[in-house]
Amino acid sequence: MTRRTCREMTVGELTPLGQSERPGEFYRLRLLGPGFGTWEPGQFVMLRPASWDLELLWGRPFSLAGADEEGVSLFFQVVGRGTRRLAALAPGEKVTVWGPLGNGFAVEPGTRTLMLAGGVGLAPFLGYAAAHPAPENLELLFAHRLPLDCYPYGELAARLRAEAVHEATPADLPRVIRRITEKIAEYAPDGLVLACGPTPFLRTVRQAALDHGVRAQVSLENRMACGVGACLGCVCRDGLGHHVQVCTQGPVFWAGDVQL
Ligand SMILES: Cc1cc2nc3c(=O)[nH]c(=O)nc-3n(C[C@H](O)[C@H](O)[C@H](O)COP(=O)(O)OP(=O)(O)OC[C@H]3O[C@@H](n4cnc5c(N)ncnc54)[C@H](O)[C@@H]3O)c2cc1C
Ligand code: FES
């Protein structure tokens, strides 16, 4: 079987979401063109628009929010130069996409599964929920700072049990951590917890899962340059202190197998 990992795709739609203090911060992006027959939710792609030329050398990694034979869907937040340029793409522009890359989340249809998303960490769960064979066993807890309509939360809340917890100010943080911890405890002893979000959020999830003896996976969003194991730009440490490459050995790890 040949596996096509590098494709030239074109921008189909670029849709801004919600309004935050910085308008134009969150987007859904649909890329068309040789799409993906098989992929696992939790896997990611590297993107590099042709218009970046030599100005921005490295591609940027994004979780697959959905993929099919016709193209891929992504959800991203503008945080710097690359994502700012992505937000300015026009329909029909060419983008080099390589992937699907890395390992996806565990899928255990008969197991109660909690999806824990922090902010833009919601992206892989759009694909996970859509592909899961028993969505009645899924639940979402979504922690967010910016207004809810910045995120495609409503899409998931319409189909699954879902709860959003808002950290409007730093004073809300203890309440958010308490809620995450309570939810994780509900999944002991035999449930499964999957998490994606900023590192402090993943740290909370990892610790609570270890404390309550719940099996948990975390998806790491380390900075990446190549995405394919060649540059060592993405390394973190495993439970024994050894280096692991997040792009090829992750981005999804069992919580006990990585240091955060
Ligand atoms: C496997 C994986 C999946 C990802 N999925 C998504 C996704 O679905 N949606 C999404 O919006 N983002 C996702 N990210 C993060 C995304 O890759 C970065 O936000 C993006 O590369 C930043 O590029 P930039 O050029 O705009 O920022 P830069 O100009 O390179 O940096 C600007 C700011 O962004 C911060 N930054 C850079 N890279 C990251 C990163 N990886 N994580 C957090 N902050 C970063 C920098 O510290 C800096 O403060 C993912 C990252 C990985 C590794
Ligand atoms: S990003 Fe290059 S080795 Fe992981």
# chains A, B, ... in the order shown; residues from 1 in each chain; ligands from 1
call {"tool": "closest_atom_pairs", "arguments": {"of": "chain A", "to": "ligand 2", "cutoff": "7 Å", "atoms": "only C-alpha atoms and all ligand atoms", "output": "tab-separated table"}}
result
residue	atom	partner	partner_atom_place_in_ligand_line	distance
A:Met224	CA	ligand 2	1 (S)	3.9
A:Ala225	CA	ligand 2	1 (S)	4.6
A:Cys226	CA	ligand 2	2 (Fe)	4.0
A:Gly227	CA	ligand 2	1 (S)	3.9
A:Val228	CA	ligand 2	2 (Fe)	5.6
A:Gly229	CA	ligand 2	3 (S)	3.4
A:Ala230	CA	ligand 2	3 (S)	4.5
A:Cys231	CA	ligand 2	2 (Fe)	3.8
A:Leu232	CA	ligand 2	3 (S)	3.8
A:Gly233	CA	ligand 2	2 (Fe)	4.9
A:Cys234	CA	ligand 2	4 (Fe)	4.4
A:Val235	CA	ligand 2	4 (Fe)	6.6
A:Gln245	CA	ligand 2	4 (Fe)	5.3
A:Val246	CA	ligand 2	4 (Fe)	5.8
A:Cys247	CA	ligand 2	4 (Fe)	4.4
A:Thr248	CA	ligand 2	4 (Fe)	6.5
call {"tool": "residues_around", "arguments": {"residues": "Arg81 (chain A)", "least_positions_apart": "5", "cutoff": "12 Å", "atoms": "only C-alpha atoms", "output": "number ranges by chain"}}
result
A: 52, 55-60, 86-88
call {"tool": "select_by_dssp", "arguments": {"residues": "region 5-168 of chain A", "states": "alpha helix (DSSP H)", "output": "list in words"}}
result
Arg81, Gly82, Thr83, Arg84, Arg85, Leu86, Ala123, Pro124, Phe125, Leu126, Gly127, Tyr128, Ala129, Ala130, Ala131, Tyr153, Gly154, Glu155, Leu156 and Ala157 of chain A
call {"tool": "select_by_dssp", "arguments": {"residues": "region 17-197 of chain A", "states": "strand (DSSP E or B)", "output": "JSON, numbers by chain"}}
result
{"A": [17, 26, 27, 28, 29, 30, 31, 32, 41, 43, 44, 45, 46, 47, 48, 49, 60, 61, 62, 63, 66, 67, 68, 71, 72, 73, 74, 75, 76, 77, 94, 95, 96, 97, 98, 99, 100, 101, 103, 113, 114, 115, 116, 117, 118, 138, 139, 140, 141, 142, 143, 144, 161, 162, 163, 164, 165, 166, 192, 193, 194, 195, 196]}
call {"tool": "residues_around", "arguments": {"residues": "Ala208 (chain A)", "least_positions_apart": "3", "cutoff": "10 Å", "atoms": "only C-alpha atoms", "output": "mmCIF file with N, CA, C and O atoms, in the first residue's frame"}}
result
data_model
loop_
_atom_site.group_PDB
_atom_site.id
_atom_site.type_symbol
_atom_site.label_atom_id
_atom_site.label_comp_id
_atom_site.auth_asym_id
_atom_site.auth_seq_id
_atom_site.Cartn_x
_atom_site.Cartn_y
_atom_site.Cartn_z
ATOM 1 N N ILE A 177 -9.900 24.329 38.166
ATOM 2 C CA ILE A 177 -9.077 23.151 38.502
ATOM 3 C C ILE A 177 -9.901 22.154 39.321
ATOM 4 O O ILE A 177 -9.846 20.935 39.101
ATOM 5 N N ARG A 178 -10.719 22.699 40.261
ATOM 6 C CA ARG A 178 -11.549 21.817 41.099
ATOM 7 C C ARG A 178 -12.513 21.016 40.226
ATOM 8 O O ARG A 178 -12.681 19.816 40.389
ATOM 9 N N ILE A 180 -12.247 20.264 36.990
ATOM 10 C CA ILE A 180 -11.511 19.282 36.175
ATOM 11 C C ILE A 180 -11.199 18.051 37.039
ATOM 12 O O ILE A 180 -11.391 16.900 36.623
ATOM 13 N N THR A 181 -10.753 18.311 38.256
ATOM 14 C CA THR A 181 -10.355 17.215 39.146
ATOM 15 C C THR A 181 -11.564 16.352 39.529
ATOM 16 O O THR A 181 -11.490 15.119 39.517
ATOM 17 N N GLU A 182 -12.689 17.019 39.846
ATOM 18 C CA GLU A 182 -13.907 16.260 40.188
ATOM 19 C C GLU A 182 -14.329 15.362 39.029
ATOM 20 O O GLU A 182 -14.703 14.215 39.213
ATOM 21 N N LYS A 183 -14.303 15.923 37.828
ATOM 22 C CA LYS A 183 -14.742 15.170 36.645
ATOM 23 C C LYS A 183 -13.844 13.951 36.430
ATOM 24 O O LYS A 183 -14.318 12.852 36.156
ATOM 25 N N ILE A 184 -12.532 14.163 36.565
ATOM 26 C CA ILE A 184 -11.597 13.047 36.365
ATOM 27 C C ILE A 184 -11.879 11.957 37.399
ATOM 28 O O ILE A 184 -11.913 10.765 37.067
ATOM 29 N N ALA A 185 -12.133 12.369 38.634
ATOM 30 C CA ALA A 185 -12.391 11.382 39.698
ATOM 31 C C ALA A 185 -13.620 10.529 39.372
ATOM 32 O O ALA A 185 -13.671 9.340 39.699
ATOM 33 N N LEU A 202 -2.653 20.613 30.990
ATOM 34 C CA LEU A 202 -2.307 19.182 30.908
ATOM 35 C C LEU A 202 -1.649 18.703 32.202
ATOM 36 O O LEU A 202 -1.830 17.559 32.618
ATOM 37 N N ARG A 203 -0.890 19.604 32.845
ATOM 38 C CA ARG A 203 -0.249 19.253 34.121
ATOM 39 C C ARG A 203 -1.316 18.921 35.170
ATOM 40 O O ARG A 203 -1.213 17.954 35.909
ATOM 41 N N THR A 204 -2.353 19.766 35.216
ATOM 42 C CA THR A 204 -3.459 19.535 36.158
ATOM 43 C C THR A 204 -4.134 18.194 35.866
ATOM 44 O O THR A 204 -4.405 17.395 36.767
ATOM 45 N N VAL A 205 -4.390 17.956 34.588
ATOM 46 C CA VAL A 205 -5.075 16.718 34.187
ATOM 47 C C VAL A 205 -4.219 15.505 34.560
ATOM 48 O O VAL A 205 -4.701 14.533 35.147
ATOM 49 N N ASP A 211 -3.437 10.850 40.616
ATOM 50 C CA ASP A 211 -3.934 10.810 41.997
ATOM 51 C C ASP A 211 -5.151 9.900 42.141
ATOM 52 O O ASP A 211 -5.320 9.234 43.154
ATOM 53 N N HIS A 212 -6.028 9.924 41.120
ATOM 54 C CA HIS A 212 -7.272 9.156 41.232
ATOM 55 C C HIS A 212 -7.200 7.796 40.535
ATOM 56 O O HIS A 212 -8.209 7.088 40.451
ATOM 57 N N GLY A 213 -6.053 7.474 39.993
ATOM 58 C CA GLY A 213 -5.886 6.153 39.351
ATOM 59 C C GLY A 213 -6.745 6.008 38.107
ATOM 60 O O GLY A 213 -7.322 4.945 37.861
ATOM 61 N N VAL A 214 -6.843 7.062 37.308
ATOM 62 C CA VAL A 214 -7.633 7.005 36.076
ATOM 63 C C VAL A 214 -6.673 6.931 34.885
ATOM 64 O O VAL A 214 -5.690 7.674 34.840
ATOM 65 N N ALA A 216 -5.265 7.974 31.562
ATOM 66 C CA ALA A 216 -5.416 9.246 30.853
ATOM 67 C C ALA A 216 -4.356 9.384 29.777
ATOM 68 O O ALA A 216 -3.219 8.923 29.949
#
call {"tool": "closest_residue", "arguments": {"among": "A:Arg112, A:Glu136, A:Val79, A:Ala130", "to": "Pro189 (chain A)", "atoms": "only C-alpha atoms"}}
result
A:Arg112
call {"tool": "closest_atom_pairs", "arguments": {"of": "region 163-243 of chain A", "to": "region 120-128 of chain A", "cutoff": "12 Å", "atoms": "only C-alpha atoms", "output": "JSON lines"}}
result
{"residue": "A:Ala164", "atom": "CA", "partner": "A:Leu122", "partner_atom": "CA", "distance": 11.4}
{"residue": "A:Leu194", "atom": "CA", "partner": "A:Phe125", "partner_atom": "CA", "distance": 9.1}
{"residue": "A:Ala195", "atom": "CA", "partner": "A:Gly121", "partner_atom": "CA", "distance": 7.9}
{"residue": "A:Cys196", "atom": "CA", "partner": "A:Gly121", "partner_atom": "CA", "distance": 4.7}
{"residue": "A:Gly197", "atom": "CA", "partner": "A:Gly121", "partner_atom": "CA", "distance": 4.2}
{"residue": "A:Pro198", "atom": "CA", "partner": "A:Gly121", "partner_atom": "CA", "distance": 7.4}
{"residue": "A:Thr199", "atom": "CA", "partner": "A:Gly121", "partner_atom": "CA", "distance": 10.5}
{"residue": "A:Phe201", "atom": "CA", "partner": "A:Gly121", "partner_atom": "CA", "distance": 10.0}
{"residue": "A:Leu202", "atom": "CA", "partner": "A:Gly121", "partner_atom": "CA", "distance": 10.2}
{"residue": "A:Val218", "atom": "CA", "partner": "A:Gly121", "partner_atom": "CA", "distance": 10.5}
{"residue": "A:Ser219", "atom": "CA", "partner": "A:Gly121", "partner_atom": "CA", "distance": 8.7}
{"residue": "A:Leu220", "atom": "CA", "partner": "A:Gly121", "partner_atom": "CA", "distance": 9.6}
{"residue": "A:Glu221", "atom": "CA", "partner": "A:Gly121", "partner_atom": "CA", "distance": 8.8}
call {"tool": "residues_around", "arguments": {"residues": "Leu148 (chain A)", "least_positions_apart": "3", "cutoff": "9 Å", "atoms": "only C-alpha atoms", "output": "PDB file with C-alpha atoms, in the first residue's frame"}}
result
ATOM      1  CA  GLY A  18     -16.774  34.493  17.433  1.00  0.00           C
ATOM      2  CA  HIS A 144     -11.940  28.308  28.155  1.00  0.00           C
ATOM      3  CA  ARG A 145     -10.799  31.875  28.794  1.00  0.00           C
ATOM      4  CA  TYR A 151     -14.707  28.013  19.710  1.00  0.00           C
ATOM      5  CA  PRO A 152     -16.705  25.367  17.829  1.00  0.00           C
ATOM      6  CA  TYR A 153     -17.991  24.135  21.222  1.00  0.00           C
ATOM      7  CA  GLY A 154     -21.645  24.350  20.136  1.00  0.00           C
ATOM      8  CA  ALA A 164     -18.017  24.447  29.639  1.00  0.00           C
ATOM      9  CA  HIS A 166     -15.058  29.638  32.098  1.00  0.00           C
TER      10      HIS A 166
END
call {"tool": "atom_distance", "arguments": {"atom1": "atom 50 (C, counted along the ligand's line) of ligand 1", "atom2": "CA of Arg84 (chain A)"}}
result
14.4 Å
call {"tool": "decode", "arguments": {"residues": "region 18-90 of chain A", "atoms": "C-alpha atoms", "output": "JSON list (two decimals), in the first residue's frame"}}
result
[["chain", "number", "residue", "atom", "x", "y", "z"],
["A", 18, "GLY", "CA", -16.77, 34.49, 17.43],
["A", 19, "GLN", "CA", -15.49, 37.78, 18.74],
["A", 20, "SER", "CA", -12.82, 38.23, 21.36],
["A", 21, "GLU", "CA", -10.90, 41.30, 22.46],
["A", 22, "ARG", "CA", -8.72, 40.64, 19.42],
["A", 23, "PRO", "CA", -11.15, 40.25, 16.50],
["A", 24, "GLY", "CA", -10.03, 37.70, 13.94],
["A", 25, "GLU", "CA", -8.35, 35.41, 16.46],
["A", 26, "PHE", "CA", -10.07, 32.04, 15.80],
["A", 27, "TYR", "CA", -10.69, 30.33, 12.46],
["A", 28, "ARG", "CA", -12.00, 27.17, 10.85],
["A", 29, "LEU", "CA", -9.96, 26.27, 7.78],
["A", 30, "ARG", "CA", -11.01, 23.78, 5.14],
["A", 31, "LEU", "CA", -8.32, 22.62, 2.71],
["A", 32, "LEU", "CA", -9.30, 20.75, -0.42],
["A", 33, "GLY", "CA", -7.55, 18.32, -2.50],
["A", 34, "PRO", "CA", -6.02, 14.95, -2.30],
["A", 35, "GLY", "CA", -7.63, 14.14, 1.02],
["A", 36, "PHE", "CA", -7.09, 11.42, 3.59],
["A", 37, "GLY", "CA", -8.57, 7.96, 3.30],
["A", 38, "THR", "CA", -7.41, 6.91, 6.76],
["A", 39, "TRP", "CA", -6.38, 8.96, 9.79],
["A", 40, "GLU", "CA", -6.80, 8.82, 13.55],
["A", 41, "PRO", "CA", -8.25, 11.64, 15.64],
["A", 42, "GLY", "CA", -5.37, 13.11, 17.64],
["A", 43, "GLN", "CA", -3.04, 12.97, 14.64],
["A", 44, "PHE", "CA", -1.86, 16.23, 13.13],
["A", 45, "VAL", "CA", -0.63, 17.78, 9.88],
["A", 46, "MET", "CA", 2.13, 20.25, 9.10],
["A", 47, "LEU", "CA", 1.05, 23.18, 6.90],
["A", 48, "ARG", "CA", 3.09, 25.48, 4.74],
["A", 49, "PRO", "CA", 1.33, 27.89, 2.38],
["A", 50, "ALA", "CA", 3.18, 28.50, -0.91],
["A", 51, "SER", "CA", 2.90, 32.25, -0.28],
["A", 52, "TRP", "CA", 5.23, 31.98, 2.72],
["A", 53, "ASP", "CA", 8.11, 31.59, 0.26],
["A", 54, "LEU", "CA", 11.43, 31.82, 2.18],
["A", 55, "GLU", "CA", 10.09, 34.32, 4.68],
["A", 56, "LEU", "CA", 8.72, 31.72, 7.08],
["A", 57, "LEU", "CA", 10.85, 28.64, 6.69],
["A", 58, "TRP", "CA", 9.13, 26.03, 8.80],
["A", 59, "GLY", "CA", 5.65, 24.62, 8.47],
["A", 60, "ARG", "CA", 3.29, 24.81, 11.44],
["A", 61, "PRO", "CA", 1.56, 21.83, 13.12],
["A", 62, "PHE", "CA", -2.23, 21.62, 13.56],
["A", 63, "SER", "CA", -4.49, 18.86, 14.87],
["A", 64, "LEU", "CA", -6.86, 17.31, 12.40],
["A", 65, "ALA", "CA", -10.35, 18.46, 13.35],
["A", 66, "GLY", "CA", -11.72, 16.35, 10.50],
["A", 67, "ALA", "CA", -10.54, 14.67, 7.31],
["A", 68, "ASP", "CA", -12.07, 12.84, 4.39],
["A", 69, "GLU", "CA", -11.32, 11.94, 0.79],
["A", 70, "GLU", "CA", -11.94, 15.54, -0.29],
["A", 71, "GLY", "CA", -9.85, 17.43, 2.21],
["A", 72, "VAL", "CA", -9.06, 18.34, 5.80],
["A", 73, "SER", "CA", -10.61, 20.65, 8.41],
["A", 74, "LEU", "CA", -8.63, 22.54, 11.02],
["A", 75, "PHE", "CA", -9.43, 24.96, 13.81],
["A", 76, "PHE", "CA", -6.75, 27.44, 14.82],
["A", 77, "GLN", "CA", -6.00, 30.45, 16.98],
["A", 78, "VAL", "CA", -3.86, 33.35, 15.80],
["A", 79, "VAL", "CA", -0.89, 33.54, 18.18],
["A", 80, "GLY", "CA", 2.06, 34.68, 16.05],
["A", 81, "ARG", "CA", 3.50, 35.27, 12.61],
["A", 82, "GLY", "CA", 2.55, 31.96, 10.96],
["A", 83, "THR", "CA", -1.01, 31.79, 12.24],
["A", 84, "ARG", "CA", -1.50, 35.50, 11.39],
["A", 85, "ARG", "CA", -0.50, 34.70, 7.81],
["A", 86, "LEU", "CA", -2.81, 31.65, 7.78],
["A", 87, "ALA", "CA", -5.69, 33.89, 8.81],
["A", 88, "ALA", "CA", -5.07, 36.00, 5.71],
["A", 89, "LEU", "CA", -5.16, 33.11, 3.19],
["A", 90, "ALA", "CA", -7.58, 33.50, 0.29]]
